[in-house]
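Student: My file is run.cif. It has mmCIF, C-alpha atoms, pLDDT in the B column; chains and numbers go by the auth columns:
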data_target
#
loop_
_atom_site.group_PDB
_atom_site.id
_atom_site.type_symbol
_atom_site.label_atom_id
_atom_site.label_comp_id
_atom_site.label_asym_id
_atom_site.label_seq_id
_atom_site.Cartn_x
_atom_site.Cartn_y
_atom_site.Cartn_z
_atom_site.B_iso_or_equiv
_atom_site.auth_seq_id
_atom_site.auth_asym_id
ATOM 1 C CA MET A 1 2.789 10.775 18.543 55.00 1 A
ATOM 2 C CA ILE A 2 1.466 8.843 15.521 68.00 2 A
ATOM 3 C CA THR A 3 3.512 9.297 12.364 79.00 3 A
ATOM 4 C CA CYS A 4 2.771 8.513 8.742 85.00 4 A
ATOM 5 C CA ILE A 5 6.391 8.402 7.587 89.00 5 A
ATOM 6 C CA ARG A 6 5.902 5.035 5.858 89.00 6 A
ATOM 7 C CA GLU A 7 2.793 6.207 3.997 87.00 7 A
ATOM 8 C CA VAL A 8 4.529 9.343 2.681 88.00 8 A
ATOM 9 C CA ARG A 9 7.683 7.373 1.781 89.00 9 A
ATOM 10 C CA ASN A 10 5.630 4.753 -0.105 88.00 10 A
ATOM 11 C CA ALA A 11 3.571 7.441 -1.858 86.00 11 A
ATOM 12 C CA LYS A 12 6.827 8.938 -3.131 86.00 12 A
ATOM 13 C CA GLY A 13 8.107 5.520 -4.239 89.00 13 A
ATOM 14 C CA LEU A 14 11.169 5.627 -1.984 90.00 14 A
ATOM 15 C CA THR A 15 12.872 2.791 -0.128 92.00 15 A
ATOM 16 C CA LEU A 16 14.103 2.963 3.453 93.00 16 A
ATOM 17 C CA LEU A 17 17.657 3.239 2.079 94.00 17 A
ATOM 18 C CA ASP A 18 16.662 6.142 -0.223 94.00 18 A
ATOM 19 C CA VAL A 19 15.319 8.137 2.732 93.00 19 A
ATOM 20 C CA ALA A 20 18.288 7.200 4.942 93.00 20 A
ATOM 21 C CA GLN A 21 20.751 8.465 2.317 95.00 21 A
ATOM 22 C CA ARG A 22 18.781 11.684 1.777 93.00 22 A
ATOM 23 C CA CYS A 23 18.901 12.541 5.492 92.00 23 A
ATOM 24 C CA ASP A 24 21.402 15.204 6.566 91.00 24 A
ATOM 25 C CA PRO A 25 23.580 13.729 7.908 91.00 25 A
ATOM 26 C CA PRO A 26 22.855 10.332 6.282 92.00 26 A
ATOM 27 C CA THR A 27 21.686 7.478 8.496 93.00 27 A
ATOM 28 C CA THR A 28 20.837 3.790 8.039 93.00 28 A
ATOM 29 C CA ALA A 29 17.771 2.169 6.494 92.00 29 A
ATOM 30 C CA GLN A 30 17.362 0.232 9.753 92.00 30 A
ATOM 31 C CA THR A 31 17.056 3.476 11.726 91.00 31 A
ATOM 32 C CA ILE A 32 14.405 4.841 9.332 91.00 32 A
ATOM 33 C CA GLY A 33 12.522 1.542 9.618 89.00 33 A
ATOM 34 C CA ARG A 34 12.544 1.713 13.412 88.00 34 A
ATOM 35 C CA LEU A 35 11.303 5.308 13.332 88.00 35 A
ATOM 36 C CA GLU A 36 8.485 4.327 10.910 86.00 36 A
ATOM 37 C CA THR A 37 7.300 1.397 13.012 83.00 37 A
ATOM 38 C CA GLY A 38 7.566 3.215 16.332 80.00 38 A
ATOM 39 C CA THR A 39 10.190 0.881 17.796 80.00 39 A
ATOM 40 C CA ARG A 40 12.315 4.001 18.149 82.00 40 A
ATOM 41 C CA THR A 41 10.894 7.292 19.415 82.00 41 A
ATOM 42 C CA VAL A 42 10.595 10.005 16.783 84.00 42 A
ATOM 43 C CA SER A 43 12.019 13.231 18.187 85.00 43 A
ATOM 44 C CA VAL A 44 11.357 16.637 16.641 86.00 44 A
ATOM 45 C CA GLY A 45 14.915 16.555 15.275 88.00 45 A
ATOM 46 C CA TRP A 46 14.328 13.210 13.540 90.00 46 A
ATOM 47 C CA LEU A 47 10.951 14.371 12.264 88.00 47 A
ATOM 48 C CA ASN A 48 12.559 17.450 10.676 90.00 48 A
ATOM 49 C CA ARG A 49 15.415 15.399 9.133 92.00 49 A
ATOM 50 C CA ILE A 50 13.040 12.855 7.615 92.00 50 A
ATOM 51 C CA ALA A 51 10.633 15.538 6.379 90.00 51 A
ATOM 52 C CA CYS A 52 13.517 17.278 4.616 91.00 52 A
ATOM 53 C CA ALA A 53 14.646 13.961 3.091 92.00 53 A
ATOM 54 C CA LEU A 54 11.097 13.322 1.816 91.00 54 A
ATOM 55 C CA GLY A 55 10.596 16.892 0.584 89.00 55 A
ATOM 56 C CA VAL A 56 7.585 17.574 2.814 88.00 56 A
ATOM 57 C CA GLU A 57 6.794 19.624 5.904 86.00 57 A
ATOM 58 C CA ALA A 58 7.301 17.947 9.297 85.00 58 A
ATOM 59 C CA ALA A 59 3.574 18.458 10.013 82.00 59 A
ATOM 60 C CA ASP A 60 2.799 16.255 6.981 82.00 60 A
ATOM 61 C CA LEU A 61 4.394 13.325 8.837 85.00 61 A
ATOM 62 C CA VAL A 62 2.292 13.580 12.017 81.00 62 A
ATOM 63 C CA ARG A 63 -1.241 12.320 12.577 68.00 63 A
ATOM 64 C CA THR A 64 -3.441 12.919 15.528 59.00 64 A
ATOM 65 C CA PRO A 65 -5.796 10.044 16.442 57.00 65 A
ATOM 66 C CA ASP A 66 -8.910 12.090 15.723 59.00 66 A
ATOM 67 C CA LYS A 67 -7.687 13.427 12.367 57.00 67 A
ATOM 68 C CA ALA A 68 -7.691 10.695 9.709 64.00 68 A
ATOM 69 C CA GLU A 69 -6.166 11.780 6.397 72.00 69 A
ATOM 70 C CA LEU A 70 -5.065 9.924 3.289 78.00 70 A
ATOM 71 C CA PRO A 71 -2.323 10.906 0.849 85.00 71 A
ATOM 72 C CA VAL A 72 -3.472 12.071 -2.552 88.00 72 A
ATOM 73 C CA ALA A 73 -1.971 9.545 -4.980 90.00 73 A
ATOM 74 C CA ALA A 74 -2.705 11.432 -8.197 92.00 74 A
ATOM 75 C CA LEU A 75 -4.519 14.360 -9.755 92.00 75 A
ATOM 76 C CA LEU A 76 -6.880 13.356 -12.584 92.00 76 A
ATOM 77 C CA MET A 77 -7.088 15.659 -15.601 92.00 77 A
ATOM 78 C CA ARG A 78 -8.332 15.299 -19.178 91.00 78 A
ATOM 79 C CA ASP A 79 -4.922 14.094 -20.360 92.00 79 A
ATOM 80 C CA GLY A 80 -4.588 11.490 -17.612 92.00 80 A
ATOM 81 C CA ALA A 81 -3.493 11.017 -14.011 93.00 81 A
ATOM 82 C CA HIS A 82 -0.556 13.073 -12.738 92.00 82 A
ATOM 83 C CA VAL A 83 1.684 13.094 -9.680 90.00 83 A
ATOM 84 C CA PRO A 84 0.889 15.975 -7.300 89.00 84 A
ATOM 85 C CA HIS A 85 3.552 18.706 -7.212 87.00 85 A
ATOM 86 C CA LYS A 86 3.450 18.719 -3.412 86.00 86 A
ATOM 87 C CA ALA A 87 2.227 16.287 -0.761 86.00 87 A
ATOM 88 C CA LEU A 88 -1.561 16.547 -0.484 86.00 88 A
ATOM 89 C CA THR A 89 -4.004 14.796 1.806 84.00 89 A
ATOM 90 C CA ALA A 90 -7.756 14.345 1.890 80.00 90 A
ATOM 91 C CA THR A 91 -10.026 13.460 4.805 70.00 91 A
ATOM 92 C CA PRO A 92 -12.120 10.355 4.112 58.00 92 A
ATOM 93 C CA PRO A 93 -15.530 9.536 5.513 62.00 93 A
ATOM 94 C CA GLN A 94 -13.904 6.436 7.051 64.00 94 A
ATOM 95 C CA PRO A 95 -10.431 5.378 5.886 59.00 95 A
ATOM 96 C CA GLU A 96 -9.559 1.761 5.229 69.00 96 A
ATOM 97 C CA GLU A 97 -6.133 0.145 5.448 74.00 97 A
ATOM 98 C CA GLY A 98 -4.113 0.810 2.264 77.00 98 A
ATOM 99 C CA ALA A 99 -6.541 3.426 0.890 85.00 99 A
ATOM 100 C CA MET A 100 -5.467 6.267 -1.417 90.00 100 A
ATOM 101 C CA VAL A 101 -7.201 9.190 -3.135 92.00 101 A
ATOM 102 C CA VAL A 102 -7.348 10.557 -6.678 94.00 102 A
ATOM 103 C CA LEU A 103 -8.558 14.171 -6.883 94.00 103 A
ATOM 104 C CA VAL A 104 -10.339 15.143 -10.101 94.00 104 A
ATOM 105 C CA GLU A 105 -9.180 18.554 -11.292 94.00 105 A
ATOM 106 C CA GLU A 106 -10.948 18.465 -14.687 93.00 106 A
ATOM 107 C CA GLY A 107 -14.084 16.478 -15.478 92.00 107 A
ATOM 108 C CA ILE A 108 -13.591 13.281 -17.502 92.00 108 A
ATOM 109 C CA GLY A 109 -15.938 10.348 -18.074 89.00 109 A
ATOM 110 C CA ASP A 110 -18.310 10.031 -15.112 90.00 110 A
ATOM 111 C CA TYR A 111 -16.072 12.147 -12.867 94.00 111 A
ATOM 112 C CA ARG A 112 -16.531 15.871 -12.244 93.00 112 A
ATOM 113 C CA ALA A 113 -14.006 18.502 -11.195 93.00 113 A
ATOM 114 C CA GLY A 114 -13.808 18.507 -7.401 92.00 114 A
ATOM 115 C CA ASP A 115 -14.583 14.790 -6.999 93.00 115 A
ATOM 116 C CA ALA A 116 -12.432 12.700 -4.672 92.00 116 A
ATOM 117 C CA ILE A 117 -12.063 9.091 -5.826 93.00 117 A
ATOM 118 C CA TRP A 118 -11.238 6.731 -2.947 91.00 118 A
ATOM 119 C CA CYS A 119 -9.214 3.681 -4.011 92.00 119 A
ATOM 120 C CA GLU A 120 -8.175 0.452 -2.320 92.00 120 A
ATOM 121 C CA ARG A 121 -4.605 -0.633 -3.037 92.00 121 A
ATOM 122 C CA LEU A 122 -4.403 -4.189 -4.401 93.00 122 A
ATOM 123 C CA SER A 123 -1.357 -6.400 -4.854 92.00 123 A
ATOM 124 C CA PRO A 124 -0.888 -8.388 -8.104 94.00 124 A
ATOM 125 C CA ASP A 125 -2.462 -11.544 -6.641 93.00 125 A
ATOM 126 C CA GLN A 126 -5.688 -9.515 -6.064 93.00 126 A
ATOM 127 C CA PHE A 127 -5.929 -7.828 -9.505 95.00 127 A
ATOM 128 C CA GLY A 128 -8.824 -10.077 -10.559 94.00 128 A
ATOM 129 C CA ARG A 129 -11.011 -8.221 -8.032 93.00 129 A
ATOM 130 C CA ALA A 130 -10.667 -5.074 -10.151 95.00 130 A
ATOM 131 C CA LEU A 131 -12.045 -6.411 -13.458 95.00 131 A
ATOM 132 C CA ASN A 132 -14.611 -4.039 -14.983 95.00 132 A
ATOM 133 C CA ARG A 133 -13.799 -1.420 -12.331 95.00 133 A
ATOM 134 C CA ASP A 134 -12.017 1.924 -12.658 96.00 134 A
ATOM 135 C CA VAL A 135 -8.399 1.671 -11.494 96.00 135 A
ATOM 136 C CA LEU A 136 -5.283 3.783 -10.953 96.00 136 A
ATOM 137 C CA VAL A 137 -2.102 2.003 -12.093 95.00 137 A
ATOM 138 C CA PRO A 138 1.481 3.262 -11.601 94.00 138 A
ATOM 139 C CA ARG A 139 3.656 3.580 -14.722 91.00 139 A
ATOM 140 C CA ALA A 140 7.350 4.138 -15.284 87.00 140 A
ATOM 141 C CA GLY A 141 8.776 7.581 -14.554 86.00 141 A
ATOM 142 C CA GLY A 142 6.351 8.432 -11.751 86.00 142 A
ATOM 143 C CA ARG A 143 3.351 8.530 -14.102 92.00 143 A
ATOM 144 C CA PHE A 144 -0.061 6.874 -13.765 94.00 144 A
ATOM 145 C CA ALA A 145 -2.747 5.367 -15.959 94.00 145 A
ATOM 146 C CA PHE A 146 -6.405 5.661 -14.975 95.00 146 A
ATOM 147 C CA GLY A 147 -9.272 3.841 -16.644 94.00 147 A
ATOM 148 C CA ARG A 148 -11.587 0.826 -16.682 95.00 148 A
ATOM 149 C CA MET A 149 -9.730 -2.485 -16.283 96.00 149 A
ATOM 150 C CA ILE A 150 -11.187 -4.602 -19.093 95.00 150 A
ATOM 151 C CA GLY A 151 -8.730 -7.471 -19.087 94.00 151 A
ATOM 152 C CA LEU A 152 -6.085 -9.332 -17.118 94.00 152 A
ATOM 153 C CA GLU A 153 -3.650 -11.569 -19.004 92.00 153 A
ATOM 154 C CA ALA A 154 -0.830 -13.097 -16.909 87.00 154 A
ATOM 155 C CA ASP A 155 1.338 -10.021 -16.137 88.00 155 A
ATOM 156 C CA ARG A 156 -0.621 -7.567 -18.355 94.00 156 A
ATOM 157 C CA LEU A 157 -3.440 -5.229 -17.378 95.00 157 A
ATOM 158 C CA LEU A 158 -5.702 -3.946 -20.146 95.00 158 A
ATOM 159 C CA LEU A 159 -7.219 -0.520 -19.434 95.00 159 A
ATOM 160 C CA LEU A 160 -9.812 1.441 -21.359 94.00 160 A
ATOM 161 C CA PRO A 161 -9.141 5.171 -20.779 91.00 161 A
ATOM 162 C CA LEU A 162 -12.073 7.390 -19.773 90.00 162 A
ATOM 163 C CA ALA A 163 -11.692 9.856 -22.656 86.00 163 A
ATOM 164 C CA SER A 164 -13.912 9.015 -25.640 84.00 164 A
ATOM 165 C CA GLY A 165 -11.983 7.732 -28.640 85.00 165 A
ATOM 166 C CA ALA A 166 -8.882 6.910 -26.568 84.00 166 A
ATOM 167 C CA ARG A 167 -7.024 3.678 -27.293 90.00 167 A
ATOM 168 C CA GLN A 168 -6.639 0.757 -24.911 92.00 168 A
ATOM 169 C CA THR A 169 -3.613 0.959 -22.584 92.00 169 A
ATOM 170 C CA VAL A 170 -1.554 -2.112 -21.705 94.00 170 A
ATOM 171 C CA ILE A 171 0.397 -2.097 -18.434 93.00 171 A
ATOM 172 C CA VAL A 172 2.974 -4.856 -17.851 93.00 172 A
ATOM 173 C CA ASP A 173 4.198 -6.067 -14.436 92.00 173 A
ATOM 174 C CA SER A 174 2.410 -3.475 -12.292 93.00 174 A
ATOM 175 C CA PRO A 175 3.494 -3.743 -8.625 94.00 175 A
ATOM 176 C CA TRP A 176 0.042 -2.592 -7.423 94.00 176 A
ATOM 177 C CA LEU A 177 -3.139 -0.923 -8.537 95.00 177 A
ATOM 178 C CA GLY A 178 -5.772 1.200 -6.833 94.00 178 A
ATOM 179 C CA VAL A 179 -9.344 0.063 -7.477 95.00 179 A
ATOM 180 C CA VAL A 180 -12.089 2.676 -7.051 94.00 180 A
ATOM 181 C CA ARG A 181 -14.163 2.001 -3.917 90.00 181 A
ATOM 182 C CA ARG A 182 -15.880 5.303 -3.198 88.00 182 A
ATOM 183 C CA LEU A 183 -16.648 8.563 -4.959 90.00 183 A
ATOM 184 C CA VAL A 184 -16.923 11.621 -2.729 87.00 184 A
ATOM 185 C CA ARG A 185 -18.666 14.471 -4.514 88.00 185 A
ATOM 186 C CA GLU A 186 -19.611 17.776 -2.979 80.00 186 A
ATOM 187 C CA PHE A 187 -22.625 19.525 -4.435 72.00 187 A
#
Would you encode the structure as structure tokens?

Tutor:
Amino acid sequence: MITCIREVRNAKGLTLLDVAQRCDPPTTAQTIGRLETGTRTVSVGWLNRIACALGVEAADLVRTPDKAELPVAALLMRDGAHVPHKALTATPPQPEEGAMVVLVEEGIGDYRAGDAIWCERLSPDQFGRALNRDVLVPRAGGRFAFGRMIGLEADRLLLLPLASGARQTVIVDSPWLGVVRRLVREF
């Protein structure tokens, strides 16, 4: 059985210890790590405990080899990018390591309602690759910023929001960003 426990945990911004403490009964971060990496077999009981701790269905933590799905990182609306209210996934044409998806619920800029924006997750040492590209950047409190990255100054990202007349956004010390790689649009 192939699990995506780590992907769901990371998408929710939780540490191994957070998940371990949320389990009923609580367990250790080491045990959760072993279950994520497959060094310990994930039983149905463990799958149910971890799913409950993550606030998702057990089926959301299992992947079959022929069914590639990515977690939806955010929902894009006119007033910005928002955290999904429940765990969502989208099936990519061909997923890449570290990919994530932004679903467009309301048209903004060049994006239309129903679009799926496929992003590659970059670490801070790779942020230069995203200059003049649309990016998704995490913000405090589980929020996101989405826009064109127009500048990179030491630990600061400068974003131009997609809405006309919107002011530049400055993000400091972002742990990662998602740079747009593919737009999937159904007609």

Student: Using only C-alpha atoms, which of the listed residues (A:Ala166, A:Thr91, A:Val180, A:Ser123) sits closest to Met149 of chain A?

Tutor: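 Of the candidates, the smallest distance to Met149 of chain A is held by A:Val180.
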
Student: Using all atoms listed in the file, which of A:Leu177, A:Val83, A:Leu162, A:Val56 sits nearest Arg129 of chain A?

Tutor: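 So, comparing all the options, the nearest one is A:Leu177.
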
Student: Just give me the gap between atom CA of Arg182 of chain A and atom CA of Met77 of chain A in Å, one decimal is fine.

Tutor: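 For atom CA of Arg182 of chain A relative to atom CA of Met77 of chain A, the distance reads 18.4 Å.
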
Student: Just how far from atom CA of Gly109 of chain A is atom CA of Arg167 of chain A, in Å to one decimal?

Tutor: 14.5 Å

Student: Between atom CA of Gly147 of chain A and atom CA of Phe187 of chain A, what is the distance in Å, rounded to a tenth?

Tutor: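 Calculated distance between atom CA of Gly147 of chain A and atom CA of Phe187 of chain A is 23.9 Å.
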
Student: I need the output of the PyMOL selection byres ((chain A and resi 170) around 8) for this file as a VMD selection string; which residues are they?

Tutor: chain A and resid 156 to 159 168 to 169 171 to 172

Student: Which one of A:Gly165, A:Gly142, A:Gly33, A:Pro175 sits closest to Ala74 of chain A if you count only C-alpha atoms?

Tutor: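 So, comparing all the options, the nearest one is A:Gly142.
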
Student: Which residues would end up in the selection if the PyMOL selection byres ((chain A and resi 5) around 12) were applied here, given that I need the answer as a ChimeraX atom specification?

Tutor: /A:1-4,6-12,14-16,19,32-38,42,46-63,71

Student: Nearest to Glu97 of chain A: which of A:Phe146, A:Pro25, A:Phe127, A:Trp118 is it, counting all atoms listed in the file?

Tutor: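 Looking at the shortest contact to Glu97 of chain A, the residue is A:Trp118.
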
Student: Using the chain letters and numbers from this file, what does the PyMOL selection byres ((chain A and resi 106) around 7) select? Give the answer as a list in words.

Tutor: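 Evaluating the PyMOL selection byres ((chain A and resi 106) around 7) on these coordinates yields Leu76, Met77, Arg78, Val104, Glu105, Gly107, Ile108, Arg112 and Ala113 of chain A.
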
Student: Next, the residues of the selection above should be written as a tab-separated table (two decimals), in the frame of the given file with C-alpha atoms.

Tutor:
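Written file, again12.tsv:
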chain	number	residue	atom	x	y	z
A	76	LEU	CA	-6.88	13.36	-12.58
A	77	MET	CA	-7.09	15.66	-15.60
A	78	ARG	CA	-8.33	15.30	-19.18
A	104	VAL	CA	-10.34	15.14	-10.10
A	105	GLU	CA	-9.18	18.55	-11.29
A	107	GLY	CA	-14.08	16.48	-15.48
A	108	ILE	CA	-13.59	13.28	-17.50
A	112	ARG	CA	-16.53	15.87	-12.24
A	113	ALA	CA	-14.01	18.50	-11.20

Student: Which residue, A:Ala87, A:Val184, A:Ala20, A:Ala145, has the smallest gap to Asp115 of chain A when you use all atoms listed in the file?

Tutor: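 Of the candidates, the smallest distance to Asp115 of chain A is held by A:Val184.
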
Student: Would you please work out which residue, of A:Met100, A:Leu75, A:Glu153, A:Leu160, is nearest to Gly114 of chain A when using only C-alpha atoms?

Tutor: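 That would be A:Leu75, the residue with the smallest distance to Gly114 of chain A.
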
Student: Please write out, as lines of an AutoDock Vina configuration file, where the centre of an axis-aligned box around all listed atoms of segment 144-163 of chain A lies and how long its edges are, in Å to one decimal, after adding 4 Å on each side.

Tutor:
center_x = -5.4
center_y = -1.6
center_z = -18.2
size_x = 21.4
size_y = 31.0
size_z = 16.9
